[in-house]
Amino acid sequence: MTYDPKARSRVITEGRDRAAARSYLKGIGLTDEDIKKPIIGVASTWIGTMPCNFNLRALAQKVMQGIREAGATPQEFNTIAISDGITMGTEGMKTSLISREVIADSIELVTRGHMFDAIICLVGCDKTAPGAAMAMARLNIPSMMLYGGSIAPGRYRGRDITIQDVFEGVGAAAAGKITDADLTELEDAACPGAGSCGGQFTANTMAIAMEFLGLASLGSAGVPATDPEKDNVAVQAGHMIVQLLKSGVLPSDILTKEAFENAIAGAAATGGSTNSVLHLLALAREIGVPLTMDDFNRVSHRTPVIADLTPGGHYVATDMHRAGGTRLVAKNLIAAGLMHGDRPTPSGKTLAEEAALAEEGAGQKVISSAANPFKPHGGIVILQGNLAPEGAVIKLAGTEKLQHTGPARIFDREEDAMAAVTARRIVPGDVVIIRYEGPKGGPGMREMLGVTAALVGQGLGSEVVMVTDGRFSGATRGLMVGHVAPEASVGGPIALIQEGDQITLDVGACAIHVDVSDEELAHRRESWTAPAPHYTTGVMAKYAASVSSASEGAVTVAKF
């Protein structure tokens, strides 16, 4: 059966009774010929508050050029974005994960309301890619994604730097290792222009995941934000979404269990962010794929790290692009039988066919083969134990230490922990517990890059463990355990830990335990009471009332 590329928009644009609708459309410059063509929504997450998405307004024009050239009519609309980096360490950071749901909801609403025949989503900072993908899954119409690209590295005293260096510089300055003037010099140099954070942090991790899922064209994300070639990539994306619409390929055709395994492998092989666990679980739930925390351990364990990227390695995203990019990563993983090469991509070629087009940079040292990896296993590990019965997540980046036992240092909010770190009250051996920062308790599951970077900057990255029901930035490195579930605000075991309790982390055994008997924990639970919510009105309260556990992707759940 032939797919009708205008099946949805006909309802809005055709017939005598749609004269008023056509009149409105003519009021924004569309002609009768434009209205007769398929209408494609161009969802942009441009915002003027951060470099990550700052180039998307101009990039959208190139996408729309490509759509027109391919014979369809584009209609641009915008949604929100929150800068994780700017809001980090403040109450504002609580809005970041919540924004993922708002992005998904808003793209869904505009697309359903205007009955677009297809959509293409332009994304940048961390929550925009998963939010857009969740909307695509819900709508299940021909869809694809274009990532705005990575920022160029900054230059500081003859070396490349990223924003990670600034966060860690804060801790180094507090420890007296560098001066405030040095920190200002780092601050001035780290972000030279538009683009998302340059390391294999959450934005770049999710961009790679979207390519390996099949929602974005392989190799498109790697072209840096300020590279003139990005305009050509955008025009080609416009052509591609029209072809995808004509072929009738839907997200439900693309987002299979095998596609999710490819995305997990891509994140693991590049030393990607722990946030990929949260976002891929959420996306799988939207499309109805049975993805669990155990799948991440299984795929990550069999997948070696073959890209030497910060924060655990030495190179940044622009280096990987020059080395051969995601095509080369995919080619090497497929050759080792570690990826499903038969999965479709937006170009119409399979993943294996796209990977075969890889061009390896001469003498590159960024991407290795699976036979000669930088590490034998992927960096993402799911932990379980009496401290995290539903699971927790750790990323092995920047540390080789796999075991630790030490006393709990208890903090009921991030700011209190940061104050203790900067005052040098955390010492080697400590296990820093930051709780009541989960999806419901925060609300919003804040990232803790300020605290983790300060610990690393003080030289404690491998000497101190941090455990939280909140999240970590993709730039985090060291012994940092996040996503502890159940969270403290619902009475999870992390709420019952007391100052000085012995905590044991054993990454090899995928375990995290508190040395307290089940009977003692039950006794403590009898006297525990849930804290009052931080917000009782507005979007924050609405989110806290409806959000699920981090072990389920921290998605908002309708209650009927």
# chains A, B, ... in the order shown; residues from 1 in each chain; ligands from 1
call {"tool": "closest_atom_pairs", "arguments": {"of": "range 11-98 of chain A", "to": "range 462-482 of chain A", "cutoff": "12 Å", "atoms": "only C-alpha atoms", "output": "Markdown table"}}
result
| residue | atom | partner | partner_atom | distance |
| --- | --- | --- | --- | --- |
| A:Ser83 | CA | A:Ser473 | CA | 11.7 |
| A:Asp84 | CA | A:Ser473 | CA | 8.2 |
| A:Gly85 | CA | A:Ser473 | CA | 8.7 |
| A:Thr87 | CA | A:Ser473 | CA | 11.8 |
| A:Met88 | CA | A:Ser473 | CA | 9.1 |
| A:Gly89 | CA | A:Ser473 | CA | 11.2 |
| A:Met93 | CA | A:Arg471 | CA | 10.8 |
| A:Lys94 | CA | A:Gly470 | CA | 9.9 |
| A:Ser96 | CA | A:Arg471 | CA | 11.0 |
| A:Leu97 | CA | A:Arg471 | CA | 9.7 |
call {"tool": "closest_atom_pairs", "arguments": {"of": "range 124-217 of chain A", "to": "range 340-363 of chain A", "cutoff": "9 Å", "atoms": "only C-alpha atoms", "output": "Markdown table"}}
result
| residue | atom | partner | partner_atom | distance |
| --- | --- | --- | --- | --- |
| A:Ser143 | CA | A:Pro346 | CA | 8.8 |
| A:Met144 | CA | A:Pro346 | CA | 7.1 |
| A:Glu211 | CA | A:Thr345 | CA | 7.8 |
| A:Phe212 | CA | A:Leu351 | CA | 7.6 |
| A:Leu213 | CA | A:Thr345 | CA | 8.0 |
| A:Gly214 | CA | A:Thr345 | CA | 4.5 |
| A:Leu215 | CA | A:Pro346 | CA | 6.7 |
| A:Ala216 | CA | A:Pro346 | CA | 6.4 |
| A:Ser217 | CA | A:Pro346 | CA | 5.6 |
call {"tool": "residues_around", "arguments": {"residues": "range 109-114 of chain A", "least_positions_apart": "4", "cutoff": "10 Å", "atoms": "only C-alpha atoms", "output": "ChimeraX atom specification"}}
result
/A:8-9,11-12,39-43,75,77-79,103-105,118-119,135-136,139,141
call {"tool": "residues_around", "arguments": {"residues": "range 413-427 of chain A", "least_positions_apart": "4", "cutoff": "8 Å", "atoms": "only C-alpha atoms", "output": "number ranges by chain"}}
result
A: 89-90, 171, 174-175, 432, 434-437, 448, 450-451, 454-455, 460, 464
call {"tool": "write_last_selection", "arguments": {"atoms": "N, CA, C and O atoms", "output": "compact mmCIF listing (two decimals), in the first residue's frame"}}
result
# COMPACT_ATOMS: atom_id res chain seq x y z
N GLY A 89 24.42 23.64 40.20
CA GLY A 89 24.71 24.03 41.57
C GLY A 89 23.72 25.01 42.17
O GLY A 89 23.91 25.46 43.31
N THR A 90 22.66 25.32 41.44
CA THR A 90 21.64 26.25 41.93
C THR A 90 20.28 25.60 41.92
O THR A 90 20.08 24.51 41.37
N GLY A 171 37.36 23.85 42.12
CA GLY A 171 37.90 23.07 43.23
C GLY A 171 39.39 23.30 43.40
O GLY A 171 39.90 23.36 44.52
N ALA A 174 39.90 26.55 45.14
CA ALA A 174 39.57 26.45 46.56
C ALA A 174 40.67 25.73 47.34
O ALA A 174 40.90 26.02 48.52
N ALA A 175 41.36 24.81 46.66
CA ALA A 175 42.44 24.07 47.31
C ALA A 175 43.77 24.79 47.24
O ALA A 175 44.78 24.29 47.74
N VAL A 432 30.42 10.53 50.42
CA VAL A 432 29.53 11.69 50.49
C VAL A 432 28.15 11.28 49.99
O VAL A 432 27.98 10.88 48.83
N ILE A 434 24.46 12.55 49.12
CA ILE A 434 23.58 13.70 48.87
C ILE A 434 22.21 13.14 48.50
O ILE A 434 22.05 12.50 47.46
N ARG A 435 21.24 13.36 49.37
CA ARG A 435 19.93 12.74 49.18
C ARG A 435 18.82 13.80 49.14
O ARG A 435 19.07 14.98 49.28
N TYR A 436 17.61 13.32 48.92
CA TYR A 436 16.45 14.18 48.70
C TYR A 436 16.64 15.07 47.47
O TYR A 436 16.12 16.18 47.40
N GLU A 437 17.41 14.56 46.49
CA GLU A 437 17.63 15.28 45.23
C GLU A 437 17.14 14.44 44.05
O GLU A 437 17.52 14.69 42.91
N MET A 448 25.13 17.01 39.69
CA MET A 448 26.02 17.41 40.78
C MET A 448 27.43 17.73 40.29
O MET A 448 28.41 17.49 41.00
N GLY A 450 29.05 20.47 40.01
CA GLY A 450 29.79 21.41 40.83
C GLY A 450 30.52 20.71 41.97
O GLY A 450 31.70 20.97 42.24
N VAL A 451 29.82 19.79 42.65
CA VAL A 451 30.41 19.07 43.78
C VAL A 451 31.47 18.08 43.29
O VAL A 451 32.59 18.02 43.83
N ALA A 454 34.56 19.83 42.04
CA ALA A 454 35.32 20.41 43.15
C ALA A 454 36.14 19.33 43.86
O ALA A 454 37.30 19.56 44.24
N LEU A 455 35.56 18.14 44.04
CA LEU A 455 36.31 17.03 44.65
C LEU A 455 37.51 16.64 43.78
O LEU A 455 38.62 16.43 44.28
N LEU A 460 40.67 14.64 45.12
CA LEU A 460 39.97 13.60 45.86
C LEU A 460 39.12 12.70 44.95
O LEU A 460 38.36 11.87 45.44
N VAL A 464 37.50 9.61 47.30
CA VAL A 464 36.19 9.84 47.91
C VAL A 464 35.12 9.30 46.97
O VAL A 464 35.22 9.46 45.75
call {"tool": "closest_residue", "arguments": {"among": "A:Ala558, A:Val484, A:Ala237, A:Leu449", "to": "Gln65 in chain A", "atoms": "only C-alpha atoms"}}
result
A:Ala237
call {"tool": "atom_distance", "arguments": {"atom1": "CA of Val490 in chain A", "atom2": "CA of Phe260 in chain A"}}
result
29.5 Å
call {"tool": "atom_distance", "arguments": {"atom1": "CA of Val514 in chain A", "atom2": "CA of His534 in chain A"}}
result
27.6 Å
call {"tool": "select_by_dssp", "arguments": {"residues": "range 322-512 of chain A", "states": "strand (DSSP E or B)", "output": "PyMOL selection string"}}
result
chain A and resi 344+350+367+375+380-385+388-395+403-411+431-434+447+465-468+471+480-485+502-506+511-512
call {"tool": "write_last_selection", "arguments": {"atoms": "C-alpha atoms", "output": "compact mmCIF listing (two decimals), in the first residue's frame"}}
result
# COMPACT_ATOMS: atom_id res chain seq x y z
CA PRO A 344 17.73 1.32 9.29
CA THR A 350 21.39 0.33 6.88
CA ILE A 367 39.24 5.86 17.77
CA LYS A 375 39.33 -0.25 28.03
CA ILE A 380 28.52 2.47 32.43
CA VAL A 381 27.77 0.04 35.26
CA ILE A 382 24.44 -0.58 37.00
CA LEU A 383 24.82 -1.25 40.74
CA GLN A 384 22.38 -2.91 43.12
CA GLY A 385 22.33 -3.74 46.80
CA ALA A 388 19.84 0.79 45.91
CA PRO A 389 17.36 -2.10 45.52
CA GLU A 390 16.08 -0.70 42.20
CA GLY A 391 19.56 0.16 40.98
CA ALA A 392 22.08 2.97 40.72
CA VAL A 393 24.50 4.06 37.99
CA ILE A 394 28.25 4.66 37.96
CA LYS A 395 30.51 5.66 35.07
CA GLN A 403 36.30 -0.89 45.40
CA HIS A 404 35.85 1.43 48.33
CA THR A 405 34.57 1.22 51.90
CA GLY A 406 34.18 4.30 54.04
CA PRO A 407 31.99 6.29 56.42
CA ALA A 408 28.88 8.06 55.20
CA ARG A 409 28.89 11.85 55.28
CA ILE A 410 25.23 12.87 55.09
CA PHE A 411 23.85 15.93 53.27
CA VAL A 431 31.47 8.50 51.19
CA VAL A 432 29.53 11.69 50.49
CA ILE A 433 25.77 11.03 50.50
CA ILE A 434 23.58 13.70 48.87
CA GLU A 447 23.14 17.10 38.33
CA VAL A 465 32.96 8.22 46.74
CA MET A 466 29.85 10.29 46.16
CA VAL A 467 26.39 8.69 46.22
CA THR A 468 23.16 10.48 45.36
CA ARG A 471 22.22 12.81 38.72
CA MET A 480 30.41 8.94 41.60
CA VAL A 481 27.21 6.90 42.01
CA GLY A 482 23.92 8.45 40.90
CA HIS A 483 20.28 7.60 40.17
CA VAL A 484 19.96 5.70 43.48
CA ALA A 485 16.49 4.16 43.54
CA GLN A 502 29.95 2.14 56.54
CA ILE A 503 29.22 2.14 52.79
CA THR A 504 30.84 -0.41 50.46
CA LEU A 505 31.12 0.06 46.71
CA ASP A 506 32.22 -2.95 44.65
CA ALA A 511 27.07 -3.80 44.15
CA ILE A 512 26.61 -0.99 46.65
call {"tool": "closest_residue", "arguments": {"among": "A:Pro130, A:Ile497, A:Leu309, A:Ile67", "to": "Ile98 in chain A", "atoms": "only C-alpha atoms"}}
result
A:Pro130
call {"tool": "residues_around", "arguments": {"residues": "Ala336 in chain A", "least_positions_apart": "3", "cutoff": "10 Å", "atoms": "only C-alpha atoms", "output": "ChimeraX atom specification"}}
result
/A:303,330-333,339,369-371
call {"tool": "write_last_selection", "arguments": {"atoms": "N, CA, C and O atoms", "output": "compact mmCIF listing (two decimals), in the first residue's frame"}}
result
# COMPACT_ATOMS: atom_id res chain seq x y z
N THR A 303 30.88 -4.47 25.52
CA THR A 303 31.34 -3.43 24.60
C THR A 303 32.59 -2.75 25.13
O THR A 303 32.56 -2.13 26.19
N ALA A 330 31.03 3.05 14.51
CA ALA A 330 30.07 2.01 14.12
C ALA A 330 30.74 0.92 13.30
O ALA A 330 30.49 -0.28 13.50
N LYS A 331 31.60 1.30 12.37
CA LYS A 331 32.29 0.32 11.51
C LYS A 331 33.09 -0.66 12.36
O LYS A 331 33.04 -1.88 12.14
N ASN A 332 33.82 -0.11 13.35
CA ASN A 332 34.67 -0.98 14.18
C ASN A 332 33.85 -1.88 15.09
O ASN A 332 34.22 -3.03 15.33
N LEU A 333 32.73 -1.37 15.60
CA LEU A 333 31.88 -2.19 16.46
C LEU A 333 31.14 -3.26 15.66
O LEU A 333 31.00 -4.42 16.10
N MET A 339 27.45 -4.62 17.22
CA MET A 339 26.32 -3.79 16.85
C MET A 339 25.49 -4.49 15.81
O MET A 339 26.01 -5.30 15.03
N SER A 369 40.27 0.08 17.40
CA SER A 369 39.46 -1.09 17.04
C SER A 369 39.00 -1.79 18.31
O SER A 369 39.55 -1.59 19.39
N ALA A 370 38.00 -2.65 18.16
CA ALA A 370 37.53 -3.43 19.31
C ALA A 370 38.58 -4.44 19.76
O ALA A 370 38.59 -4.86 20.92
N ALA A 371 39.48 -4.81 18.87
CA ALA A 371 40.54 -5.76 19.23
C ALA A 371 41.65 -5.11 20.04
O ALA A 371 42.43 -5.79 20.70
call {"tool": "closest_residue", "arguments": {"among": "A:Val123, A:Gly288, A:Lys365, A:Asp294", "to": "Asp308 in chain A", "atoms": "only C-alpha atoms"}}
result
A:Lys365
call {"tool": "residues_around", "arguments": {"residues": "Asn204 in chain A", "least_positions_apart": "4", "cutoff": "12 Å", "atoms": "only C-alpha atoms", "output": "MDAnalysis selection string"}}
result
chainID A and resid 52 123:130 147:151 195:200 208:211 220:225 266:267 270:273 275:276 309:311 316:318 320:321 325:326 473:475
call {"tool": "residues_around", "arguments": {"residues": "Asp518 in chain A", "least_positions_apart": "6", "cutoff": "12 Å", "atoms": "only C-alpha atoms", "output": "JSON, numbers by chain"}}
result
{"A": [385, 386, 387, 493, 496, 524, 525]}
call {"tool": "write_last_selection", "arguments": {"atoms": "N, CA, C and O atoms", "output": "mmCIF file, in the first residue's frame"}}
result
data_model
loop_
_atom_site.group_PDB
_atom_site.id
_atom_site.type_symbol
_atom_site.label_atom_id
_atom_site.label_comp_id
_atom_site.auth_asym_id
_atom_site.auth_seq_id
_atom_site.Cartn_x
_atom_site.Cartn_y
_atom_site.Cartn_z
ATOM 1 N N GLY A 385 21.985 -3.356 45.438
ATOM 2 C CA GLY A 385 22.334 -3.743 46.798
ATOM 3 C C GLY A 385 21.331 -3.149 47.765
ATOM 4 O O GLY A 385 20.342 -2.530 47.350
ATOM 5 N N ASN A 386 21.571 -3.307 49.068
ATOM 6 C CA ASN A 386 20.568 -2.837 50.029
ATOM 7 C C ASN A 386 20.490 -1.319 50.102
ATOM 8 O O ASN A 386 19.553 -0.767 50.664
ATOM 9 N N LEU A 387 21.451 -0.621 49.482
ATOM 10 C CA LEU A 387 21.362 0.832 49.410
ATOM 11 C C LEU A 387 20.573 1.284 48.178
ATOM 12 O O LEU A 387 20.001 2.372 48.168
ATOM 13 N N PRO A 493 16.141 3.296 50.914
ATOM 14 C CA PRO A 493 17.165 3.095 51.944
ATOM 15 C C PRO A 493 18.143 4.250 52.089
ATOM 16 O O PRO A 493 18.679 4.468 53.182
ATOM 17 N N LEU A 496 17.583 6.403 54.995
ATOM 18 C CA LEU A 496 17.727 5.820 56.328
ATOM 19 C C LEU A 496 19.178 5.771 56.804
ATOM 20 O O LEU A 496 19.445 5.429 57.963
ATOM 21 N N ARG A 524 14.703 1.975 61.643
ATOM 22 C CA ARG A 524 14.860 3.383 61.275
ATOM 23 C C ARG A 524 13.683 3.870 60.429
ATOM 24 O O ARG A 524 13.255 5.023 60.540
ATOM 25 N N ARG A 525 13.173 2.993 59.575
ATOM 26 C CA ARG A 525 12.062 3.393 58.711
ATOM 27 C C ARG A 525 10.812 3.732 59.537
ATOM 28 O O ARG A 525 10.016 4.595 59.146
#
call {"tool": "closest_residue", "arguments": {"among": "A:Ile86, A:Val456, A:Ala194, A:Cys510", "to": "Asp165 in chain A", "atoms": "only C-alpha atoms"}}
result
A:Val456
call {"tool": "select_by_dssp", "arguments": {"residues": "range 176-246 of chain A", "states": "alpha helix (DSSP H)", "output": "number ranges by chain"}}
result
A: 180-189, 202-213, 229-246
call {"tool": "closest_residue", "arguments": {"among": "A:Gly491, A:Gly438, A:Gly429, A:Gly29", "to": "Gly553 in chain A", "atoms": "only C-alpha atoms"}}
result
A:Gly438
call {"tool": "atom_distance", "arguments": {"atom1": "CA of Asn140 in chain A", "atom2": "CA of Thr2 in chain A"}}
result
17.4 Å
call {"tool": "closest_residue", "arguments": {"among": "A:Glu519, A:Ile80, A:Asn53, A:Tyr156", "to": "Glu185 in chain A", "atoms": "only C-alpha atoms"}}
result
A:Tyr156
